[in-house]
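Student: Got a file for you: protein_29.cif, mmCIF, C-alpha atoms and all ligand atoms.
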```cif
data_data
loop_
_atom_site.label_atom_id
_atom_site.label_comp_id
_atom_site.auth_asym_id
_atom_site.auth_seq_id
_atom_site.Cartn_x
_atom_site.Cartn_y
_atom_site.Cartn_z
CA MET L 1 0.11 -29.16 24.13
CA LYS L 2 -2.11 -26.09 24.65
CA ASN L 3 -5.11 -25.43 22.44
CA PHE L 4 -6.35 -22.07 21.19
CA LEU L 5 -9.20 -21.14 18.91
CA VAL L 6 -10.71 -18.19 17.07
CA ILE L 7 -14.47 -18.30 16.65
CA GLY L 8 -16.67 -16.22 14.37
CA ASN L 9 -19.10 -16.51 11.49
CA PRO L 10 -17.89 -16.34 8.78
CA ILE L 11 -14.35 -17.30 9.83
CA GLU L 12 -12.62 -18.73 6.74
CA HIS L 13 -10.87 -15.43 5.93
CA SER L 14 -9.47 -14.89 9.44
CA PHE L 15 -5.72 -14.27 9.56
CA SER L 16 -5.54 -15.03 13.29
CA PRO L 17 -4.39 -18.67 12.95
CA LYS L 18 -1.65 -17.63 10.51
CA LEU L 19 -0.35 -14.95 12.87
CA HIS L 20 -0.65 -16.86 16.15
CA ASN L 21 0.85 -20.05 14.70
CA HIS L 22 3.76 -18.00 13.31
CA TRP L 23 4.50 -16.59 16.77
CA ILE L 24 3.94 -20.01 18.45
CA LYS L 25 6.58 -21.52 16.16
CA LYS L 26 9.04 -18.61 16.52
CA ASN L 27 8.86 -18.85 20.30
CA ASN L 28 9.02 -22.69 20.48
CA ILE L 29 5.72 -22.91 22.31
CA LYS L 30 3.85 -26.21 22.37
CA ALA L 31 0.44 -25.06 21.21
CA THR L 32 -2.03 -25.12 18.34
CA TYR L 33 -4.30 -22.29 17.21
CA LYS L 34 -7.30 -23.20 15.03
CA LYS L 35 -10.35 -21.46 13.64
CA LEU L 36 -13.96 -22.54 14.07
CA GLU L 37 -17.06 -21.28 12.31
CA ALA L 38 -19.47 -21.17 15.22
CA ASN L 39 -23.20 -20.64 15.65
CA LEU L 40 -24.95 -19.00 18.60
CA ASP L 41 -25.84 -22.44 19.99
CA ASP L 42 -22.16 -23.40 20.15
CA LEU L 43 -21.01 -20.55 22.40
CA LYS L 44 -21.90 -22.19 25.73
CA ASN L 45 -20.04 -25.41 24.85
CA ILE L 46 -16.97 -23.48 23.73
CA ILE L 47 -16.82 -21.66 27.06
CA ASP L 48 -17.33 -24.97 28.89
CA ASP L 49 -14.30 -26.25 27.00
CA VAL L 50 -12.30 -23.35 28.48
CA ARG L 51 -13.75 -24.01 31.95
CA GLU L 52 -12.81 -27.68 31.76
CA GLU L 53 -9.42 -26.84 30.25
CA ARG L 54 -9.89 -28.58 26.94
CA LEU L 55 -9.20 -25.13 25.51
CA ASP L 56 -6.61 -22.69 26.90
CA GLY L 57 -7.82 -19.56 25.18
CA VAL L 58 -10.30 -18.25 22.62
CA ASN L 59 -10.37 -15.24 20.35
CA VAL L 60 -13.84 -14.03 19.42
CA THR L 61 -14.70 -12.14 16.29
CA VAL L 62 -17.79 -10.91 14.41
CA PRO L 63 -20.63 -11.43 15.28
CA PHE L 64 -20.10 -12.89 18.79
CA LYS L 65 -18.08 -10.28 20.68
CA ASN L 66 -21.14 -9.21 22.65
CA GLU L 67 -23.15 -12.46 22.63
CA ILE L 68 -20.33 -14.37 24.32
CA ILE L 69 -20.49 -12.19 27.45
CA LYS L 70 -23.40 -13.98 29.10
CA HIS L 71 -21.44 -17.25 29.17
CA LEU L 72 -18.41 -15.79 31.00
CA ASP L 73 -17.68 -15.61 34.74
CA GLU L 74 -15.83 -12.30 34.76
CA LEU L 75 -15.07 -9.34 32.50
CA SER L 76 -12.03 -7.07 32.41
CA GLU L 77 -12.66 -3.35 32.76
CA GLU L 78 -12.14 -2.88 29.01
CA SER L 79 -14.75 -5.53 28.18
CA ARG L 80 -17.22 -4.08 30.65
CA LYS L 81 -16.86 -0.59 29.20
CA SER L 82 -17.11 -1.71 25.58
CA LEU L 83 -19.51 -4.66 26.12
CA SER L 84 -17.19 -6.47 23.74
CA VAL L 85 -14.92 -9.48 24.30
CA ASN L 86 -12.30 -10.70 21.84
CA THR L 87 -9.99 -12.65 24.18
CA ILE L 88 -10.93 -15.37 26.67
CA TYR L 89 -8.82 -17.25 29.21
CA LYS L 90 -9.16 -19.00 32.54
CA VAL L 91 -7.60 -17.64 35.68
CA ASN L 92 -8.31 -18.48 39.38
CA ASN L 93 -10.96 -20.95 38.25
CA LYS L 94 -12.91 -18.23 36.42
CA VAL L 95 -13.42 -17.85 32.67
CA VAL L 96 -12.54 -14.23 31.96
CA GLY L 97 -13.40 -12.07 28.95
CA HIS L 98 -11.03 -9.33 27.90
CA ASN L 99 -10.95 -6.80 25.07
CA THR L 100 -7.66 -6.11 23.26
CA ASP L 101 -9.28 -4.18 20.40
CA ILE L 102 -9.23 -0.92 22.39
CA THR L 103 -5.47 -0.95 23.03
CA GLY L 104 -4.93 -2.53 19.60
CA PHE L 105 -6.54 0.48 17.94
CA GLU L 106 -4.69 2.96 20.19
CA LEU L 107 -1.32 1.37 19.38
CA ALA L 108 -2.15 1.27 15.66
CA ILE L 109 -2.83 5.02 15.69
CA ARG L 110 0.37 5.69 17.64
CA TYR L 111 2.24 3.54 15.08
CA THR L 112 1.09 5.90 12.29
CA LYS L 113 2.52 8.87 14.27
CA TYR L 114 -0.64 10.81 13.36
CA ASP L 115 -1.13 13.65 15.82
CA ILE L 116 -4.67 12.70 16.82
CA GLN L 117 -5.08 14.76 19.98
CA ASN L 118 -7.79 17.44 19.64
CA ARG L 119 -8.79 16.19 16.19
CA GLU L 120 -12.37 15.78 15.01
CA ILE L 121 -13.20 12.20 14.07
CA LEU L 122 -15.96 10.76 11.90
CA ILE L 123 -16.83 7.08 12.42
CA LEU L 124 -18.79 5.21 9.74
CA GLY L 125 -20.63 2.23 11.19
CA ALA L 126 -22.05 1.07 14.51
CA GLY L 127 -21.12 -2.63 14.52
CA GLY L 128 -19.30 -4.76 17.09
CA VAL L 129 -15.92 -3.02 17.00
CA VAL L 130 -17.18 0.56 17.24
CA SER L 131 -17.53 0.82 21.04
CA SER L 132 -13.85 -0.19 21.30
CA ILE L 133 -12.86 2.47 18.78
CA ILE L 134 -14.83 5.14 20.64
CA ILE L 135 -13.13 4.27 23.95
CA ALA L 136 -9.70 4.26 22.26
CA LEU L 137 -10.38 7.65 20.66
CA GLN L 138 -11.43 9.05 24.03
CA ASN L 139 -8.20 7.70 25.56
CA LEU L 140 -6.31 9.40 22.73
CA LYS L 141 -8.05 12.67 23.65
CA VAL L 142 -9.70 13.55 20.38
CA SER L 143 -11.88 16.67 20.57
CA LYS L 144 -15.02 15.39 18.83
CA ILE L 145 -16.49 12.07 17.68
CA ARG L 146 -19.26 12.09 15.08
CA LEU L 147 -20.83 8.83 13.96
CA MET L 148 -23.18 7.72 11.21
CA ASN L 149 -24.66 4.32 10.48
CA ARG L 150 -27.01 3.01 7.80
CA THR L 151 -29.36 1.75 10.49
CA ALA L 152 -30.02 4.83 12.64
CA GLU L 153 -31.33 2.77 15.57
CA LYS L 154 -27.90 1.19 16.18
CA ALA L 155 -26.22 4.61 16.21
CA LYS L 156 -28.82 5.80 18.72
CA LYS L 157 -28.02 2.83 20.99
CA LEU L 158 -24.35 3.84 21.01
CA LYS L 159 -25.30 7.42 21.85
CA GLU L 160 -27.15 6.08 24.93
CA ARG L 161 -23.86 4.58 26.14
CA PHE L 162 -21.49 7.31 24.93
CA SER L 163 -23.51 10.50 25.38
CA GLU L 164 -20.74 12.81 24.17
CA ILE L 165 -20.71 11.47 20.59
CA GLU L 166 -22.74 13.24 17.92
CA ILE L 167 -24.96 11.19 15.61
CA LEU L 168 -25.42 12.15 11.96
CA ASN L 169 -27.62 10.74 9.24
CA TRP L 170 -26.04 8.11 6.97
CA GLY L 171 -24.40 9.89 4.04
CA GLU L 172 -24.67 13.37 5.59
CA SER L 173 -21.60 15.55 5.01
CA CYS L 174 -19.73 16.96 7.98
CA LYS L 175 -16.43 18.40 9.09
CA PHE L 176 -13.67 15.99 10.14
CA ASP L 177 -9.91 15.58 10.38
CA MET L 178 -9.99 11.80 10.33
CA ALA L 179 -12.63 9.42 8.94
CA ILE L 180 -12.74 5.80 10.12
CA ASN L 181 -14.54 3.12 8.15
CA ALA L 182 -15.81 0.62 10.69
CA THR L 183 -18.49 -0.86 8.44
CA SER L 184 -18.06 -4.12 6.61
CA LEU L 185 -18.44 -2.20 3.34
CA GLY L 186 -15.23 -2.76 1.43
CA LEU L 187 -14.86 -6.45 2.25
CA ASN L 188 -16.27 -6.94 -1.24
CA LYS L 189 -14.31 -5.17 -3.94
CA VAL L 190 -17.38 -3.47 -5.43
CA ASP L 191 -18.62 -1.93 -2.18
CA ASN L 192 -18.63 1.82 -2.17
CA ILE L 193 -19.13 4.40 0.54
CA ASN L 194 -20.96 7.54 -0.33
CA LEU L 195 -18.55 10.21 0.90
CA ASN L 196 -17.78 13.40 -0.92
CA TYR L 197 -14.01 13.15 -1.07
CA GLU L 198 -13.55 16.38 -3.01
CA GLU L 199 -15.38 18.48 -0.44
CA THR L 200 -13.75 17.14 2.69
CA GLY L 201 -10.93 19.68 2.55
CA GLU L 202 -7.25 18.90 2.26
CA GLU L 203 -4.93 16.46 3.99
CA LYS L 204 -7.44 14.41 5.93
CA PHE L 205 -6.64 10.99 7.36
CA PHE L 206 -8.76 8.04 6.15
CA TYR L 207 -8.50 4.90 8.25
CA ASP L 208 -10.15 1.60 7.37
CA VAL L 209 -10.51 -1.13 9.97
CA ILE L 210 -10.52 -3.62 7.06
CA TYR L 211 -7.08 -5.02 6.11
CA ASN L 212 -8.15 -7.61 3.53
CA PRO L 213 -8.38 -6.33 0.82
CA ILE L 214 -5.34 -4.16 1.58
CA GLU L 215 -6.96 -1.14 -0.03
CA THR L 216 -10.75 -0.72 -0.01
CA GLU L 217 -12.59 1.67 -2.33
CA PHE L 218 -12.87 3.96 0.70
CA LEU L 219 -9.06 4.21 0.88
CA LYS L 220 -8.50 4.18 -2.89
CA LYS L 221 -10.73 7.20 -3.41
CA ALA L 222 -9.18 9.04 -0.49
CA LYS L 223 -5.72 8.42 -1.93
CA LYS L 224 -6.81 9.68 -5.33
CA ASN L 225 -7.84 12.90 -3.65
CA PHE L 226 -4.42 13.20 -1.96
CA HIS L 227 -5.53 12.29 1.55
CA ARG L 228 -3.51 10.16 3.93
CA THR L 229 -4.69 6.55 4.22
CA GLU L 230 -4.12 3.55 6.47
CA ASN L 231 -5.73 0.11 6.64
CA GLY L 232 -6.51 -1.98 9.73
CA LYS L 233 -3.53 -4.32 9.57
CA MET L 234 -1.61 -2.85 12.53
CA MET L 235 -4.75 -2.80 14.67
CA PHE L 236 -5.20 -6.47 13.85
CA ILE L 237 -1.57 -7.27 14.66
CA TYR L 238 -1.58 -5.35 17.94
CA GLN L 239 -4.83 -6.88 19.22
CA ALA L 240 -3.37 -10.33 18.43
CA HIS L 241 -0.07 -9.40 20.10
CA LEU L 242 -1.90 -8.40 23.28
CA SER L 243 -3.87 -11.69 23.33
CA PHE L 244 -0.74 -13.72 22.68
CA THR L 245 1.17 -12.00 25.50
CA LEU L 246 -1.71 -12.53 27.90
CA TRP L 247 -1.98 -16.26 27.13
CA HIS L 248 1.65 -17.29 26.70
CA LYS L 249 3.43 -14.69 28.89
CA VAL L 250 5.78 -14.15 25.96
CA MET L 251 6.01 -10.95 23.91
CA PRO L 252 6.30 -11.99 20.27
CA GLU L 253 8.13 -9.84 17.77
CA ILE L 254 6.31 -7.50 15.39
CA ASN L 255 8.65 -7.20 12.42
CA ASP L 256 8.44 -6.98 8.62
CA GLU L 257 7.97 -10.74 8.36
CA VAL L 258 4.85 -10.50 10.55
CA ILE L 259 3.52 -7.42 8.76
CA ASN L 260 4.02 -9.16 5.40
CA LEU L 261 2.11 -12.21 6.63
CA ILE L 262 -0.96 -10.00 7.01
CA SER L 263 -0.46 -8.12 3.76
CA LYS L 264 -1.04 -11.16 1.57
P1 LIG L 301 -22.58 -6.35 13.60
O1 LIG L 301 -23.48 -5.21 13.16
O2 LIG L 301 -23.26 -7.68 13.63
O3 LIG L 301 -21.77 -6.05 14.81
P2 LIG L 301 -20.32 -5.73 12.03
O4 LIG L 301 -19.68 -6.42 10.88
O5 LIG L 301 -19.52 -5.46 13.24
O6 LIG L 301 -21.59 -6.57 12.39
O7 LIG L 301 -20.94 -4.36 11.55
C1 LIG L 301 -21.34 -4.16 10.28
C2 LIG L 301 -21.39 -2.65 10.04
O8 LIG L 301 -21.34 -2.42 8.64
C3 LIG L 301 -22.68 -2.02 10.53
O9 LIG L 301 -22.43 -0.70 10.92
C4 LIG L 301 -23.52 -2.09 9.25
O10 LIG L 301 -24.58 -1.17 9.19
P3 LIG L 301 -26.05 -1.57 9.73
O11 LIG L 301 -26.00 -1.38 11.20
O12 LIG L 301 -26.94 -0.63 9.03
O13 LIG L 301 -26.26 -3.01 9.33
C5 LIG L 301 -22.49 -1.74 8.23
N1 LIG L 301 -22.88 -2.16 6.90
C6 LIG L 301 -22.87 -3.43 6.39
N2 LIG L 301 -23.30 -3.44 5.10
C7 LIG L 301 -23.59 -2.14 4.79
C8 LIG L 301 -24.07 -1.49 3.61
N3 LIG L 301 -24.35 -2.18 2.49
N4 LIG L 301 -24.24 -0.14 3.64
C9 LIG L 301 -23.96 0.54 4.77
N5 LIG L 301 -23.50 -0.01 5.92
C10 LIG L 301 -23.32 -1.32 5.94
#
```
The structure in this file should be written as structure tokens.
Tutor:
Amino acid sequence: MKNFLVIGNPIEHSFSPKLHNHWIKKNNIKATYKKLEANLDDLKNIIDDVREERLDGVNVTVPFKNEIIKHLDELSEESRKSLSVNTIYKVNNKVVGHNTDITGFELAIRYTKYDIQNREILILGAGGVVSSIIIALQNLKVSKIRLMNRTAEKAKKLKERFSEIEILNWGESCKFDMAINATSLGLNKVDNINLNYEETGEEKFFYDVIYNPIETEFLKKAKKNFHRTENGKMMFIYQAHLSFTLWHKVMPEINDEVINLISK
């Protein structure tokens, strides 16, 4: 029996166990996938469990995607570029950190069939997942990335690593074709983002990394103003799919049953 884990804090709302255990069962794999609410002090022991093969793989979520790096032996190119790890495994006696959020986001955008090349993108937020989104957008050849964050210092830090992005003040209006909410605003139903939806022009694309709730205020308001909207469910499914394939060497199916699992 192989053992897998997702760690984060908070973790109770994570859909990862539901999705991974569904695919484990469908593919007759002998494995368990559990969730663990971890603290900073636990990270070293969790990686030791991978090193000593008590654990076969770990998914990492907010707020440890960066903090976990110092405990690992090796990083994939994607993790090095993004300074973010969401998938851990052991290979050739080394505990390796990988990032499947970058490709997960790219595939999710391709899934929407939105013609993103040469578009101008506005990112709201500067948290753990944003470096992955920036790299994915660059791979997708967007023409401009603008970013704003409540705490200006964190946006400035990203600008030091990705010099070509433009930083705006939180709440400042600007031109964009696609706006991405990468803040945690919207996890609570009452959260609101101060964007002027009427003045953004017509037929913009509003993407929210959040998938639970299915429709945040950010997306609801955009829809009301006749913009296109999409939540983060396919990004979540694709990043999980990439982890699963890496660990089990089996490509699980993404079908309506799987998509419905995440929409509840
Ligand atoms: P972390 O910052 O630890 O990586 P995250 O969930 O990945 O955590 O990121 C949270 C994001 O949501 C940040 O961009 C955060 O802004 P700050 O950097 O200013 O904290 C943003 N966020 C959370 N609550 C917010 C609020 N009430 N208003 C605006 N932005 C908020």
Student: Write as a count of residues only the residues around ligand LIG 301 (chain L), taking 9 Å as the cut-off and counting all atoms listed in the file.
Tutor: 31
Student: Measuring atom to atom with all atoms listed in the file, identify which of L:Ile69, L:Ile11, L:Ile133, L:Leu55 is nearest to Tyr33 of chain L.
Tutor: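 Of the candidates, the smallest distance to Tyr33 of chain L is held by L:Leu55.
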Student: Would you mind listing what lies within 6 Å of segment 234-240 of chain L as an MDAnalysis selection string, with only C-alpha atoms counted and same-chain residues fewer than 5 positions away left out?
Tutor: chainID L and resid 100:101 104:105 108
Student: Save the residues we just selected, C-alpha atoms, as a PDB file, keeping the file's coordinate frame?
Tutor:
```
ATOM      1  CA  THR L 100      -7.660  -6.110  23.260  1.00  0.00           C
ATOM      2  CA  ASP L 101      -9.280  -4.180  20.400  1.00  0.00           C
ATOM      3  CA  GLY L 104      -4.930  -2.530  19.600  1.00  0.00           C
ATOM      4  CA  PHE L 105      -6.540   0.480  17.940  1.00  0.00           C
ATOM      5  CA  ALA L 108      -2.150   1.270  15.660  1.00  0.00           C
TER       6      ALA L 108
END
```
Student: Neighbours of Asp208 of chain L within 6 Å (only C-alpha atoms; same-chain residues fewer than 2 positions away dropped), as an MDAnalysis selection string?
Tutor: chainID L and resid 180:181 210 231:232
Student: Measure the distance from atom CA of Phe244 of chain L to atom CA of Asp42 of chain L in Å and round it to one decimal.
Tutor: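 Going from atom CA of Phe244 of chain L over to atom CA of Asp42 of chain L covers 23.6 Å.
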Student: Could you check the closest approach to Leu219 of chain L for each of L:Ala179, L:Leu261, L:Asp256, L:Ser132 and tell me which residue wins, using only C-alpha atoms?
Tutor: L:Ala179
Student: Would you please work out which residue, of L:Lys220, L:Lys34, L:Arg110, L:His98, is nearest to Leu75 of chain L when using only C-alpha atoms?
Tutor: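 Checking each of L:Lys220, L:Lys34, L:Arg110, L:His98 against Leu75 of chain L, counting only C-alpha atoms, the winner is L:His98.
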Student: What's the separation between atom CA of Asn196 of chain L and atom CA of Glu120 of chain L, in Å to one decimal place?
Tutor: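 Distance reported for this atom pair: 17.0 Å.
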Student: Between atom CA of Tyr114 of chain L and atom CA of Asp177 of chain L, what distance in Å does the model show, to one decimal?
Tutor: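 These atoms are spaced 10.8 Å apart.
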Student: Residues at most 7 Å from Ile116 of chain L, counting all atoms listed in the file, excluding those fewer than 3 positions away in the same chain, as a ChimeraX atom specification?
Tutor: /L:119,140,142
Student: Could the centre and edge lengths of an axis-aligned box, enclosing all atoms of segment 221-235 of chain L in the file with 4 Å extra on each side, be given in Å to one decimal as AutoDock Vina command-line options?
Tutor:
```
--center_x -6.2 --center_y 4.4 --center_z 4.7 --size_x 17.1 --size_y 25.5 --size_z 28.0
```
Student: L:Lys90, L:Lys221, L:Lys175, L:Arg80: which is nearest Asp56 of chain L, counting only C-alpha atoms?
Tutor: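 Closest residue, counting only C-alpha atoms: L:Lys90.
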Student: Since the input lacks some atoms of segment 151-162 of chain L, please model all heavy atoms and print them as a tab-separated table (two decimals), in the coordinates of the input.
Tutor:
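The result, written out as selection19.tsv:
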```tsv
chain	number	residue	atom	x	y	z
L	151	THR	N	-28.20	1.98	9.63
L	151	THR	CA	-29.36	1.75	10.49
L	151	THR	C	-29.27	2.71	11.68
L	151	THR	O	-28.45	2.52	12.59
L	151	THR	CB	-29.38	0.29	11.00
L	151	THR	OG1	-29.21	-0.57	9.87
L	151	THR	CG2	-30.66	-0.06	11.71
L	152	ALA	N	-30.12	3.75	11.65
L	152	ALA	CA	-30.02	4.83	12.64
L	152	ALA	C	-30.19	4.32	14.07
L	152	ALA	O	-29.54	4.81	15.01
L	152	ALA	CB	-31.06	5.89	12.33
L	153	GLU	N	-31.02	3.30	14.24
L	153	GLU	CA	-31.33	2.77	15.57
L	153	GLU	C	-30.05	2.32	16.31
L	153	GLU	O	-29.89	2.55	17.51
L	153	GLU	CB	-32.31	1.59	15.40
L	153	GLU	CG	-32.91	1.05	16.66
L	153	GLU	CD	-33.64	2.12	17.48
L	153	GLU	OE1	-34.22	3.08	16.90
L	153	GLU	OE2	-33.61	1.98	18.71
L	154	LYS	N	-29.14	1.70	15.55
L	154	LYS	CA	-27.90	1.19	16.18
L	154	LYS	C	-26.99	2.35	16.61
L	154	LYS	O	-26.29	2.26	17.63
L	154	LYS	CB	-27.15	0.29	15.20
L	154	LYS	CG	-27.58	-1.16	15.34
L	154	LYS	CD	-27.09	-1.95	14.20
L	154	LYS	CE	-26.12	-2.99	14.33
L	154	LYS	NZ	-25.70	-3.54	13.03
L	155	ALA	N	-27.00	3.43	15.84
L	155	ALA	CA	-26.22	4.61	16.21
L	155	ALA	C	-26.81	5.23	17.48
L	155	ALA	O	-26.07	5.65	18.38
L	155	ALA	CB	-26.24	5.61	15.06
L	156	LYS	N	-28.12	5.24	17.55
L	156	LYS	CA	-28.82	5.80	18.72
L	156	LYS	C	-28.47	5.01	19.99
L	156	LYS	O	-28.25	5.58	21.05
L	156	LYS	CB	-30.34	5.73	18.47
L	156	LYS	CG	-31.07	7.02	18.82
L	156	LYS	CD	-32.53	6.95	18.48
L	156	LYS	CE	-33.37	6.61	19.70
L	156	LYS	NZ	-34.75	6.26	19.36
L	157	LYS	N	-28.38	3.71	19.85
L	157	LYS	CA	-28.02	2.83	20.99
L	157	LYS	C	-26.62	3.18	21.51
L	157	LYS	O	-26.38	3.20	22.72
L	157	LYS	CB	-28.02	1.37	20.54
L	157	LYS	CG	-29.40	0.77	20.41
L	157	LYS	CD	-29.66	-0.26	21.53
L	157	LYS	CE	-31.13	-0.52	21.76
L	157	LYS	NZ	-31.77	-1.19	20.61
L	158	LEU	N	-25.70	3.47	20.58
L	158	LEU	CA	-24.35	3.84	21.01
L	158	LEU	C	-24.35	5.18	21.73
L	158	LEU	O	-23.64	5.38	22.71
L	158	LEU	CB	-23.40	3.90	19.80
L	158	LEU	CG	-22.83	2.57	19.33
L	158	LEU	CD1	-22.14	2.73	18.00
L	158	LEU	CD2	-21.83	2.02	20.37
L	159	LYS	N	-25.19	6.09	21.24
L	159	LYS	CA	-25.30	7.42	21.85
L	159	LYS	C	-25.81	7.30	23.30
L	159	LYS	O	-25.42	8.07	24.18
L	159	LYS	CB	-26.26	8.27	20.99
L	159	LYS	CG	-26.69	9.57	21.58
L	159	LYS	CD	-25.68	10.67	21.35
L	159	LYS	CE	-26.18	11.97	21.94
L	159	LYS	NZ	-25.13	12.99	21.99
L	160	GLU	N	-26.65	6.29	23.56
L	160	GLU	CA	-27.15	6.08	24.93
L	160	GLU	C	-26.00	5.70	25.87
L	160	GLU	O	-26.01	6.02	27.04
L	160	GLU	CB	-28.21	4.96	24.95
L	160	GLU	CG	-29.55	5.45	24.42
L	160	GLU	CD	-30.50	4.30	24.09
L	160	GLU	OE1	-30.26	3.16	24.54
L	160	GLU	OE2	-31.48	4.56	23.36
L	161	ARG	N	-24.99	5.01	25.31
L	161	ARG	CA	-23.86	4.58	26.14
L	161	ARG	C	-22.72	5.60	26.16
L	161	ARG	O	-21.98	5.69	27.13
L	161	ARG	CB	-23.32	3.23	25.64
L	161	ARG	CG	-24.31	2.10	25.94
L	161	ARG	CD	-23.90	0.83	25.27
L	161	ARG	NE	-22.51	0.51	25.51
L	161	ARG	CZ	-21.73	-0.16	24.66
L	161	ARG	NH1	-22.22	-0.59	23.51
L	161	ARG	NH2	-20.49	-0.43	24.96
L	162	PHE	N	-22.57	6.31	25.04
L	162	PHE	CA	-21.49	7.31	24.93
L	162	PHE	C	-22.15	8.64	24.57
L	162	PHE	O	-22.21	9.02	23.40
L	162	PHE	CB	-20.48	6.89	23.86
L	162	PHE	CG	-19.85	5.54	24.10
L	162	PHE	CD1	-20.32	4.40	23.48
L	162	PHE	CD2	-18.79	5.42	24.99
L	162	PHE	CE1	-19.75	3.15	23.70
L	162	PHE	CE2	-18.21	4.16	25.23
L	162	PHE	CZ	-18.68	3.04	24.59
```
